[in-house]
>>> print(open('target_11.cif').read())   # mmCIF, C-alpha atoms
data_my_file
#
loop_
_atom_site.label_atom_id
_atom_site.label_comp_id
_atom_site.auth_asym_id
_atom_site.auth_seq_id
_atom_site.Cartn_x
_atom_site.Cartn_y
_atom_site.Cartn_z
CA MET H 1 0.00 0.00 0.00
CA ASN H 2 1.18 3.50 -0.62
CA SER H 3 1.84 5.95 2.19
CA ASN H 4 -1.44 7.81 1.58
CA ASN H 5 -3.53 4.75 2.50
CA ARG H 6 -5.02 3.85 5.83
CA LEU H 7 -7.06 0.97 7.20
CA PHE H 8 -10.87 1.20 7.10
CA CYS H 9 -13.65 -1.16 8.20
CA ILE H 10 -16.85 -1.08 6.20
CA ARG H 11 -19.97 -2.52 7.80
CA GLY H 12 -23.07 -4.03 6.34
CA ALA H 13 -25.90 -6.44 7.02
CA VAL H 14 -28.60 -8.26 5.13
CA CYS H 15 -31.66 -10.26 6.11
CA THR H 16 -32.00 -13.65 4.44
CA GLU H 17 -33.99 -16.84 4.49
CA ASN H 18 -32.27 -19.84 6.03
CA ASN H 19 -31.52 -21.80 2.87
CA ALA H 20 -28.35 -22.04 0.79
CA GLU H 21 -29.78 -20.29 -2.27
CA SER H 22 -31.01 -17.27 -0.31
CA ILE H 23 -27.81 -17.03 1.76
CA ILE H 24 -25.62 -17.09 -1.38
CA LYS H 25 -27.83 -14.54 -3.16
CA ASN H 26 -27.96 -12.14 -0.21
CA VAL H 27 -24.29 -12.40 0.74
CA GLU H 28 -23.37 -11.76 -2.91
CA GLN H 29 -25.73 -8.77 -3.10
CA LEU H 30 -24.38 -7.28 0.14
CA PHE H 31 -20.75 -7.74 -0.90
CA LYS H 32 -21.30 -6.31 -4.40
CA THR H 33 -23.18 -3.32 -2.99
CA ILE H 34 -20.45 -2.57 -0.47
CA VAL H 35 -17.84 -2.87 -3.24
CA LYS H 36 -19.81 -0.54 -5.53
CA GLU H 37 -20.73 2.04 -2.88
CA ASN H 38 -17.12 2.26 -1.68
CA ASN H 39 -15.34 2.03 -5.05
CA LEU H 40 -13.36 -1.06 -4.05
CA VAL H 41 -11.78 -1.82 -7.40
CA SER H 42 -8.95 -4.21 -6.51
CA GLU H 43 -8.71 -7.30 -4.33
CA LYS H 44 -5.26 -5.95 -3.34
CA ASN H 45 -7.02 -3.44 -1.08
CA PHE H 46 -8.79 -6.14 0.95
CA VAL H 47 -7.38 -7.30 4.27
CA SER H 48 -10.22 -9.55 5.47
CA VAL H 49 -13.97 -10.09 5.58
CA GLN H 50 -15.67 -11.02 8.85
CA PHE H 51 -19.23 -12.25 9.19
CA THR H 52 -21.61 -12.83 12.04
CA VAL H 53 -24.90 -14.68 11.75
CA THR H 54 -27.91 -14.82 14.00
CA PRO H 55 -28.47 -18.28 15.52
CA ASP H 56 -31.33 -19.04 13.11
CA ILE H 57 -28.95 -19.02 10.11
CA ASP H 58 -27.49 -22.52 10.03
CA GLU H 59 -27.84 -23.83 6.46
CA LEU H 60 -24.66 -22.33 5.01
CA ASN H 61 -21.68 -20.41 6.36
CA PRO H 62 -21.68 -16.95 4.72
CA ALA H 63 -17.93 -17.21 4.07
CA ALA H 64 -18.61 -20.31 1.96
CA ALA H 65 -21.50 -18.45 0.32
CA LEU H 66 -19.22 -15.56 -0.60
CA ARG H 67 -16.71 -17.89 -2.22
CA ARG H 68 -19.55 -19.40 -4.32
CA GLY H 69 -20.88 -16.03 -5.46
CA ASN H 70 -20.36 -14.32 -8.80
CA LEU H 71 -18.57 -11.28 -7.41
CA GLY H 72 -16.36 -9.68 -10.02
CA ILE H 73 -13.53 -9.66 -7.45
CA ASP H 74 -11.35 -12.66 -6.66
CA VAL H 75 -11.87 -13.41 -2.96
CA SER H 76 -9.89 -16.66 -2.95
CA HIS H 77 -6.91 -15.06 -1.19
CA ILE H 78 -8.88 -12.82 1.18
CA PRO H 79 -9.15 -14.24 4.71
CA LEU H 80 -12.81 -14.86 5.61
CA PHE H 81 -14.08 -15.53 9.12
CA CYS H 82 -17.53 -16.23 10.52
CA SER H 83 -18.94 -16.35 14.04
CA GLN H 84 -22.36 -16.39 15.67
CA GLU H 85 -24.01 -13.17 16.76
CA PRO H 86 -24.80 -13.03 20.51
CA VAL H 87 -28.35 -14.02 21.43
CA MET H 88 -30.20 -10.93 22.62
CA LYS H 89 -33.87 -10.47 23.50
CA ASN H 90 -35.98 -8.95 20.74
CA SER H 91 -33.11 -8.82 18.26
CA LEU H 92 -33.71 -8.95 14.52
CA GLN H 93 -33.64 -12.51 13.18
CA ASN H 94 -32.24 -13.99 9.97
CA VAL H 95 -29.38 -11.50 9.76
CA ILE H 96 -25.92 -11.83 8.28
CA ARG H 97 -23.56 -9.01 9.21
CA MET H 98 -20.40 -8.30 7.25
CA MET H 99 -17.35 -6.22 8.10
CA ILE H 100 -14.81 -5.70 5.35
CA THR H 101 -11.36 -4.43 6.30
CA VAL H 102 -9.62 -2.59 3.46
CA TYR H 103 -6.86 -0.14 2.71
CA LEU H 104 -8.12 3.04 1.04
CA GLN H 105 -6.85 6.54 0.44
CA GLU H 106 -6.55 8.37 3.74
CA ASP H 107 -9.28 10.85 2.77
CA ALA H 108 -11.75 8.18 1.62
CA THR H 109 -15.37 8.33 2.74
CA ILE H 110 -16.90 4.95 3.49
CA GLN H 111 -20.52 3.92 3.11
CA SER H 112 -22.08 1.22 5.26
CA VAL H 113 -24.72 -0.92 3.53
CA TYR H 114 -27.85 -2.45 5.09
CA LEU H 115 -30.23 -4.39 2.84
CA ASN H 116 -33.41 -6.44 2.73
CA GLY H 117 -34.82 -5.35 6.10
CA ALA H 118 -31.51 -4.94 7.91
CA GLU H 119 -31.76 -1.15 7.50
CA VAL H 120 -33.52 -1.03 10.89
CA LEU H 121 -30.28 -2.09 12.57
CA ARG H 122 -28.47 1.16 11.77
CA PRO H 123 -30.78 3.74 10.20
CA ASP H 124 -28.15 6.37 11.02
CA LEU H 125 -25.70 4.66 8.63
CA THR H 126 -28.18 3.72 5.91
CA ARG H 127 -28.33 5.88 2.81
CA GLY H 128 -31.36 4.78 0.84
CA ASN H 129 -30.16 1.20 0.31
CA SER H 130 -32.95 -1.31 -0.16
#
>>> encode(input="target_11.cif", output="structure tokens")
Amino acid sequence: MNSNNRLFCIRGAVCTENNAESIIKNVEQLFKTIVKENNLVSEKNFVSVQFTVTPDIDELNPAAALRRGNLGIDVSHIPLFCSQEPVMKNSLQNVIRMMITVYLQEDATIQSVYLNGAEVLRPDLTRGNS
């Protein structure tokens, strides 16, 4: 990375049904939207992608789903990690959260992405994504 870059974390979340097809589709959509909204043009900028899932998502690991998606960016060398979201009363169900760590220009502005009902998690960070 050049000296004008710094580390950023970009957050996002998507609601999904608990089946492989829906998980793949929604993880792919979330990743592609984050990439587009944040002008992530090269896999060289990526450090890692971390996921959490609510306990009701158990059909497919979202890291595996991301590797199966048609992404336009080669993720085969990007470390992916997944863990379970803590169980909290009245929390939104069927949610996959994603945090992408990337190097970008120091003055970059990042855009979080919340889709398919997950917008309620962080309306303060949501910019008309649906």
>>> residues_around(input="target_11.cif", residues="Pro55 (chain H)", least_positions_apart="4", cutoff="10 Å", atoms="all atoms listed in the file", output="PDB file with C-alpha atoms, keeping the file's coordinate frame")
ATOM      1  CA  SER H  83     -18.940 -16.350  14.040  1.00  0.00           C
ATOM      2  CA  GLN H  84     -22.360 -16.390  15.670  1.00  0.00           C
ATOM      3  CA  GLU H  85     -24.010 -13.170  16.760  1.00  0.00           C
ATOM      4  CA  PRO H  86     -24.800 -13.030  20.510  1.00  0.00           C
ATOM      5  CA  VAL H  87     -28.350 -14.020  21.430  1.00  0.00           C
ATOM      6  CA  GLN H  93     -33.640 -12.510  13.180  1.00  0.00           C
ATOM      7  CA  ASN H  94     -32.240 -13.990   9.970  1.00  0.00           C
ATOM      8  CA  VAL H  95     -29.380 -11.500   9.760  1.00  0.00           C
TER       9      VAL H  95
END
>>> resolve_selection(input="target_11.cif", expression="the PyMOL selection byres ((chain H and resi 112) around 12)", output="ChimeraX atom specification")
/H:8-14,30-31,33-38,97-100,109-111,113-115,118-119,121-129
>>> closest_residue(input="target_11.cif", among="H:Asp74, H:Glu17, H:Glu28, H:Glu43", to="Glu59 (chain H)", atoms="only C-alpha atoms")
H:Glu17
>>> closest_residue(input="target_11.cif", among="H:Val47, H:Ala65, H:Cys15, H:Val120", to="His77 (chain H)", atoms="only C-alpha atoms")
H:Val47
>>> closest_residue(input="target_11.cif", among="H:Val27, H:Ala20, H:Val53, H:Leu7", to="Ile96 (chain H)", atoms="only C-alpha atoms")
H:Val53
>>> atom_distance(input="target_11.cif", atom1="CA of Val41 (chain H)", atom2="CA of Arg67 (chain H)")
17.6 Å
>>> closest_residue(input="target_11.cif", among="H:Cys82, H:Met88, H:Val102, H:Ala108", to="Asn61 (chain H)", atoms="only C-alpha atoms")
H:Cys82
>>> resolve_selection(input="target_11.cif", expression="the PyMOL selection byres ((chain H and resi 60) around 10)", output="JSON, numbers by chain")
{"H": [18, 19, 20, 21, 22, 23, 24, 57, 58, 59, 61, 62, 63, 64, 65]}
>>> write_last_selection(input="target_11.cif", atoms="C-alpha atoms", output="PDB file, in the frame of the given file")
ATOM      1  CA  ASN H  18     -32.270 -19.840   6.030  1.00  0.00           C
ATOM      2  CA  ASN H  19     -31.520 -21.800   2.870  1.00  0.00           C
ATOM      3  CA  ALA H  20     -28.350 -22.040   0.790  1.00  0.00           C
ATOM      4  CA  GLU H  21     -29.780 -20.290  -2.270  1.00  0.00           C
ATOM      5  CA  SER H  22     -31.010 -17.270  -0.310  1.00  0.00           C
ATOM      6  CA  ILE H  23     -27.810 -17.030   1.760  1.00  0.00           C
ATOM      7  CA  ILE H  24     -25.620 -17.090  -1.380  1.00  0.00           C
ATOM      8  CA  ILE H  57     -28.950 -19.020  10.110  1.00  0.00           C
ATOM      9  CA  ASP H  58     -27.490 -22.520  10.030  1.00  0.00           C
ATOM     10  CA  GLU H  59     -27.840 -23.830   6.460  1.00  0.00           C
ATOM     11  CA  ASN H  61     -21.680 -20.410   6.360  1.00  0.00           C
ATOM     12  CA  PRO H  62     -21.680 -16.950   4.720  1.00  0.00           C
ATOM     13  CA  ALA H  63     -17.930 -17.210   4.070  1.00  0.00           C
ATOM     14  CA  ALA H  64     -18.610 -20.310   1.960  1.00  0.00           C
ATOM     15  CA  ALA H  65     -21.500 -18.450   0.320  1.00  0.00           C
TER      16      ALA H  65
END
>>> atom_distance(input="target_11.cif", atom1="CA of Lys44 (chain H)", atom2="CA of Glu106 (chain H)")
16.0 Å
>>> atom_distance(input="target_11.cif", atom1="CA of Asp56 (chain H)", atom2="CA of Lys25 (chain H)")
17.2 Å
>>> closest_residue(input="target_11.cif", among="H:Thr52, H:Phe46, H:Leu92, H:Thr101", to="Ile78 (chain H)", atoms="all atoms listed in the file")
H:Phe46
>>> residues_around(input="target_11.cif", residues="Lys32 (chain H)", least_positions_apart="5", cutoff="10 Å", atoms="all atoms listed in the file", output="JSON, numbers by chain")
{"H": [26, 27, 37, 38, 40, 69, 70, 71, 72, 73]}
>>> closest_residue(input="target_11.cif", among="H:Gln29, H:Asn90, H:Phe81, H:Leu66", to="Val49 (chain H)", atoms="only C-alpha atoms")
H:Phe81
